[in-house]
Amino acid sequence: MRFLFTIFSLLLVSVTGFAQDNYDVDLIPANLRNRANACIRNEETTIDMRSPDNVLLNVKKAITVFNQNGEDEARLVLYYDKNISIKGIKGEVYNSVGKLTNKFSQNDFADMSAADGFSLFVDSRVKHYLPSVNQYPYTVLYNYEIRNKQNLIIPDWSPKPADDVSVEKSTYTFICKPTDQVRTKTQNYSGTPDVITDEKQKKTIWKANNILAVRTEPYSPAHETYATNIQIAPKTFYYYNHKGSYTNWKELGKWIYDDLLAERKVLPPATIEMVKDLVKNEKTDKDKARKIYQYLQDKTRYISVQIGIGGFQPIAASEVDRLGYGDCKALVNYMQSLLSAVNIDSYYCVVSAGSEKKSMDPEYASMVQGNHIILCIPLKNDTTWLECTSQKIPFGFLSDFTDDRLVLACTAEGGKLLHTPKLTTAENLQIRKADLTLQLDGSVSGKMNTVYAGSQYENQESLIGKSITEQHKLLKEAYNIDNIDFEAVSFAQKKDISPKLTEEVSINIRNYAPVNGNKMFLQPNAFNLRRSIPEIKNRTLPVYINRGYTDEDTIVYTLPDNVITELIIGQDKAFKSPFGEYVCKASLVGNQLTYYRKFILNDGTFPAAQYNEFSKFINDVNSADYLKLALSLKK
């Protein structure tokens with residue numbers, strides 16, 4: 001719900017067609033077919049920055065789709081609005097032997113509003129096309145041209161869009177005037193670009209050939225972090241009637257503050273007086289901020305506003321005050337204005353949001369690295385962060401959507417990079433205690449209490465406020481146990497900077513422990529089973545664990561009278577590695593069987609050579625989790 005640059009970021013990854021003499025699939029080298037669901041035969045991307053308000057993008061692309069899994073690579077999606085115009089689209093489809101079977105043009109594209117379901121205003125539209133072909137392999141060619149009336153955002157180049165795509169040939173050409181100053185970020189590009197300069201223009205050409213498809217390796221870093229990529233940022237730019245220049249984060253943050261924010265912070269006098277009265281009895285700035293944040297959550301609701309400069313510029317604080325809604329930019333700007341009314345400083349911060357952590361690049365400033373806005377209050381020795389788009393999130397708590405990453409704080413003095421707090425392995429808790437009774441027929445019933453904290457707090461927080469029917473449905477999906485029923489469900493929240501959610505349920509699981517003759521087979525670990533992961537030889541990418549967590553389960557089973565308890569043998573396993581720790585114990589006192597499990601997974605990046613050690617650790621956990629006890633029954 002928090003994305004602000006959707007249209008622009010999607011535009012950057014749109015690709016299209018080309019023309020070539022022979023598209024017979026047999027001409028593709030065997031090594032480019034191995035592991036590939038699609039192969040880019042030839043792609044030529046040309047960007048001609050004729051002036052800051054006149055940038056032409058021309059893309060020609062031919063891609064062969066080998067099977068249904070490669071279908072998405074044949075899809076073309078183009079966004080446009082009053083400042084982005086599609087000058088032309090055409091294309092062709094060839095069968096497996098390179099015979100032309102179909103031609104298409106712009107008229108064959110579906111055209112619809114780019115409204116995202118959250119938007120109040122959207123002046124953008126989208127065209128998209130996917131060839132209707134049911135015989136594989138086939139080749140589709142696209143050729144299109146787009147004119148942009150801005151150069152703040154220059155489409156980048158990633159010749160290989162996914163692991164399962166191979167590339168026969170791809171080129172990226174950037175044309176500008178010899179006097180234009182641009183910054184270039186090059187990632188995983190081993191060659192040297194060709195540069196051709198004359199008195200009228202400077203042309204830089206990057207090339208990539210014969211890039212193989214590779215198997216996807218589990219627990220890898222995000223594809224964009226290791227794929228070949230070229231990014232370009234002009235020093236002087238034009239964007240929706242706004243002009244500016246920057247070469248670093250300080251200058252970019254200064255432009256955002258001065259041009260996009262400064263004039264949008266004025267509040268009506270009555271609102272200023274209201275806020276002062278609201279916090280008059282609060283003794284500290286933090287208590288004042290907490291009171292104002294609660295006012296924000298009670299008064300406003302989130303809704304995306306994407307129109308013109310609205311992609312980066314918030315609507316005025318006075319408008320949010322009047323309307324009671326806004327997008328992430330508008331709500332942060334409004335909260336900042338409310339705090340300013342009582343002399344509390346805060347920073348408008350651009351962040352790359354998402355459950356997978358992604359930081360701003362300290363060495364390369366650009367406008368396309370962020371997709372969300374949060375607020376930082378730099379209180380003395382107690383910096384506090386606020387997510388302003390949620391009406392339920394606790395004061396001072398940043399979820400796993402924005403934790404532990406570098407963000408751009410935009411201030412009157414300029415931009416600066418700050419690091420958001422990290423939700424640690426020890427904080428990301430799930431602690432469960434259950435008292436269950438095992439019936440003669442193998443059914444289980446009883447009560448269970450689970451406390452969620454840190455990033456795991458959000459796992460269940462969304463259930464609060466839903467109907468009982470919906471809660472039961474979602475819980476069944478979450479626990480995923482055959483024949484489980486929830487007879488009572490309740491939730492309690494501790495809403496502070498370290499929030500916790502407590503889930504209380506009464507459950508019944510029919511035939512959980514199957515009976516066969518004089519044996520009953522019980523799997524003590526009913527609720528928290530770790531999946532296995534594949535073993536991989538010749539791993540190439542680092543092992544990346546995005547976020548660590550700690551789970552602790554204690555389940556007490558009261559056994560039926562017909563179980564011969566003297567024959568039950570206790571179980572005790574424990575092991576440790578750089579990736580985490582695991583302990584499980586099964587012990588018997590009287591007719592009560594207690595199962596205890598603790599699992600700690602550490603976050604971090606580890607060398608590729610350690611993947612086998614990691615897979616062994618996880619698979620040992622999996623084996624221990626599926627421990628089954630064969631309980632002997634009295635005849």
# chains A, B, ... in the order shown; residues from 1 in each chain; ligands from 1
>>> residues_around(residues="region 453-456 of chain A", least_positions_apart="6", cutoff="10 Å", atoms="only C-alpha atoms", output="list of chain:residue names")
A:Ser355, A:Phe397, A:Leu398, A:Ser399, A:Asp400, A:Phe401, A:Asp403, A:Lys422, A:Leu423, A:Thr424, A:Thr425, A:Ala426, A:Glu427, A:Asn428, A:Leu429, A:Gln430, A:Ile431, A:Lys494, A:Ile497, A:Ser498, A:Pro499, A:Lys500, A:Leu501, A:Thr502, A:Arg547, A:Gly548, A:Tyr549, A:Thr550, A:Asp551
>>> closest_residue(among="A:Lys87, A:Asn42, A:Asp198, A:Ser113", to="Tyr172 (chain A)", atoms="only C-alpha atoms")
A:Asn42
>>> residues_around(residues="region 606-611 of chain A", least_positions_apart="4", cutoff="12 Å", atoms="only C-alpha atoms", output="VMD selection string")
chain A and resid 217 to 221 533 to 546 577 to 579 602 615 to 619
>>> write_last_selection(atoms="N, CA and C atoms", output="PDB file, in the first residue's frame")
ATOM      1  N   GLU A 217      19.334 -20.656  -7.145  1.00  0.00           N
ATOM      2  CA  GLU A 217      19.894 -21.194  -5.918  1.00  0.00           C
ATOM      3  C   GLU A 217      19.143 -20.637  -4.716  1.00  0.00           C
ATOM      4  N   PRO A 218      18.597 -21.507  -3.872  1.00  0.00           N
ATOM      5  CA  PRO A 218      17.833 -21.014  -2.714  1.00  0.00           C
ATOM      6  C   PRO A 218      18.713 -20.213  -1.770  1.00  0.00           C
ATOM      7  N   TYR A 219      18.086 -19.313  -1.047  1.00  0.00           N
ATOM      8  CA  TYR A 219      18.774 -18.447  -0.092  1.00  0.00           C
ATOM      9  C   TYR A 219      19.892 -17.661  -0.771  1.00  0.00           C
ATOM     10  N   SER A 220      19.558 -17.103  -1.925  1.00  0.00           N
ATOM     11  CA  SER A 220      20.498 -16.244  -2.647  1.00  0.00           C
ATOM     12  C   SER A 220      20.138 -14.785  -2.407  1.00  0.00           C
ATOM     13  N   PRO A 221      21.087 -13.868  -2.594  1.00  0.00           N
ATOM     14  CA  PRO A 221      20.747 -12.442  -2.555  1.00  0.00           C
ATOM     15  C   PRO A 221      19.774 -12.114  -3.681  1.00  0.00           C
ATOM     16  N   ILE A 533      15.633 -28.208   2.623  1.00  0.00           N
ATOM     17  CA  ILE A 533      16.078 -27.457   1.448  1.00  0.00           C
ATOM     18  C   ILE A 533      16.990 -28.359   0.632  1.00  0.00           C
ATOM     19  N   PRO A 534      17.090 -28.128  -0.676  1.00  0.00           N
ATOM     20  CA  PRO A 534      17.879 -29.032  -1.510  1.00  0.00           C
ATOM     21  C   PRO A 534      19.372 -28.894  -1.263  1.00  0.00           C
ATOM     22  N   GLU A 535      20.079 -29.991  -1.483  1.00  0.00           N
ATOM     23  CA  GLU A 535      21.531 -29.946  -1.494  1.00  0.00           C
ATOM     24  C   GLU A 535      21.985 -29.523  -2.891  1.00  0.00           C
ATOM     25  N   ILE A 536      22.966 -28.647  -2.976  1.00  0.00           N
ATOM     26  CA  ILE A 536      23.414 -28.117  -4.264  1.00  0.00           C
ATOM     27  C   ILE A 536      24.928 -28.249  -4.360  1.00  0.00           C
ATOM     28  N   LYS A 537      25.362 -28.872  -5.425  1.00  0.00           N
ATOM     29  CA  LYS A 537      26.791 -28.948  -5.687  1.00  0.00           C
ATOM     30  C   LYS A 537      27.230 -27.739  -6.504  1.00  0.00           C
ATOM     31  N   ASN A 538      28.451 -27.325  -6.311  1.00  0.00           N
ATOM     32  CA  ASN A 538      29.042 -26.215  -7.066  1.00  0.00           C
ATOM     33  C   ASN A 538      28.228 -24.933  -6.928  1.00  0.00           C
ATOM     34  N   ARG A 539      27.853 -24.615  -5.727  1.00  0.00           N
ATOM     35  CA  ARG A 539      27.128 -23.374  -5.440  1.00  0.00           C
ATOM     36  C   ARG A 539      27.983 -22.184  -5.882  1.00  0.00           C
ATOM     37  N   THR A 540      27.342 -21.169  -6.507  1.00  0.00           N
ATOM     38  CA  THR A 540      28.088 -20.006  -6.993  1.00  0.00           C
ATOM     39  C   THR A 540      27.783 -18.737  -6.217  1.00  0.00           C
ATOM     40  N   LEU A 541      26.559 -18.592  -5.699  1.00  0.00           N
ATOM     41  CA  LEU A 541      26.158 -17.353  -5.038  1.00  0.00           C
ATOM     42  C   LEU A 541      26.293 -17.464  -3.524  1.00  0.00           C
ATOM     43  N   PRO A 542      26.505 -16.351  -2.839  1.00  0.00           N
ATOM     44  CA  PRO A 542      26.551 -16.389  -1.375  1.00  0.00           C
ATOM     45  C   PRO A 542      25.229 -16.890  -0.792  1.00  0.00           C
ATOM     46  N   VAL A 543      25.300 -17.381   0.418  1.00  0.00           N
ATOM     47  CA  VAL A 543      24.101 -17.766   1.166  1.00  0.00           C
ATOM     48  C   VAL A 543      23.595 -16.522   1.880  1.00  0.00           C
ATOM     49  N   TYR A 544      22.359 -16.131   1.566  1.00  0.00           N
ATOM     50  CA  TYR A 544      21.822 -14.905   2.147  1.00  0.00           C
ATOM     51  C   TYR A 544      20.575 -15.229   2.970  1.00  0.00           C
ATOM     52  N   ILE A 545      20.646 -14.940   4.246  1.00  0.00           N
ATOM     53  CA  ILE A 545      19.493 -15.094   5.147  1.00  0.00           C
ATOM     54  C   ILE A 545      19.040 -13.689   5.501  1.00  0.00           C
ATOM     55  N   ASN A 546      17.899 -13.306   4.973  1.00  0.00           N
ATOM     56  CA  ASN A 546      17.434 -11.924   5.040  1.00  0.00           C
ATOM     57  C   ASN A 546      17.135 -11.474   6.462  1.00  0.00           C
ATOM     58  N   SER A 577      25.380 -24.206  14.738  1.00  0.00           N
ATOM     59  CA  SER A 577      26.231 -23.875  13.596  1.00  0.00           C
ATOM     60  C   SER A 577      26.285 -22.361  13.480  1.00  0.00           C
ATOM     61  N   PRO A 578      27.096 -21.829  12.542  1.00  0.00           N
ATOM     62  CA  PRO A 578      27.096 -20.370  12.344  1.00  0.00           C
ATOM     63  C   PRO A 578      25.731 -19.834  11.920  1.00  0.00           C
ATOM     64  N   PHE A 579      24.876 -20.726  11.425  1.00  0.00           N
ATOM     65  CA  PHE A 579      23.566 -20.293  10.923  1.00  0.00           C
ATOM     66  C   PHE A 579      22.494 -20.278  12.004  1.00  0.00           C
ATOM     67  N   ASN A 602      20.001 -17.382  12.290  1.00  0.00           N
ATOM     68  CA  ASN A 602      20.741 -16.120  12.239  1.00  0.00           C
ATOM     69  C   ASN A 602      20.679 -15.505  10.843  1.00  0.00           C
ATOM     70  N   SER A 615      22.702 -26.268   4.384  1.00  0.00           N
ATOM     71  CA  SER A 615      21.647 -27.224   4.036  1.00  0.00           C
ATOM     72  C   SER A 615      21.630 -28.392   5.022  1.00  0.00           C
ATOM     73  N   LYS A 616      22.805 -28.822   5.478  1.00  0.00           N
ATOM     74  CA  LYS A 616      22.833 -29.892   6.480  1.00  0.00           C
ATOM     75  C   LYS A 616      22.178 -29.435   7.780  1.00  0.00           C
ATOM     76  N   PHE A 617      22.478 -28.205   8.190  1.00  0.00           N
ATOM     77  CA  PHE A 617      21.869 -27.677   9.418  1.00  0.00           C
ATOM     78  C   PHE A 617      20.344 -27.658   9.298  1.00  0.00           C
ATOM     79  N   ILE A 618      19.820 -27.101   8.199  1.00  0.00           N
ATOM     80  CA  ILE A 618      18.373 -27.010   8.033  1.00  0.00           C
ATOM     81  C   ILE A 618      17.745 -28.394   7.899  1.00  0.00           C
ATOM     82  N   ASN A 619      18.378 -29.288   7.177  1.00  0.00           N
ATOM     83  CA  ASN A 619      17.809 -30.619   6.981  1.00  0.00           C
ATOM     84  C   ASN A 619      17.895 -31.469   8.247  1.00  0.00           C
TER      85      ASN A 619
END
>>> closest_residue(among="A:Ala208, A:Leu379, A:Ile568, A:Val55", to="Cys176 (chain A)", atoms="only C-alpha atoms")
A:Val55
>>> residues_around(residues="Ser359 (chain A)", least_positions_apart="5", cutoff="12 Å", atoms="only C-alpha atoms", output="ChimeraX atom specification")
/A:225,350-354,364-365,369-371,402-408,417-420
>>> residues_around(residues="Gly465 (chain A)", least_positions_apart="2", cutoff="12 Å", atoms="only C-alpha atoms", output="PyMOL selection string")
chain A and resi 392+460-463+467-471+490-493
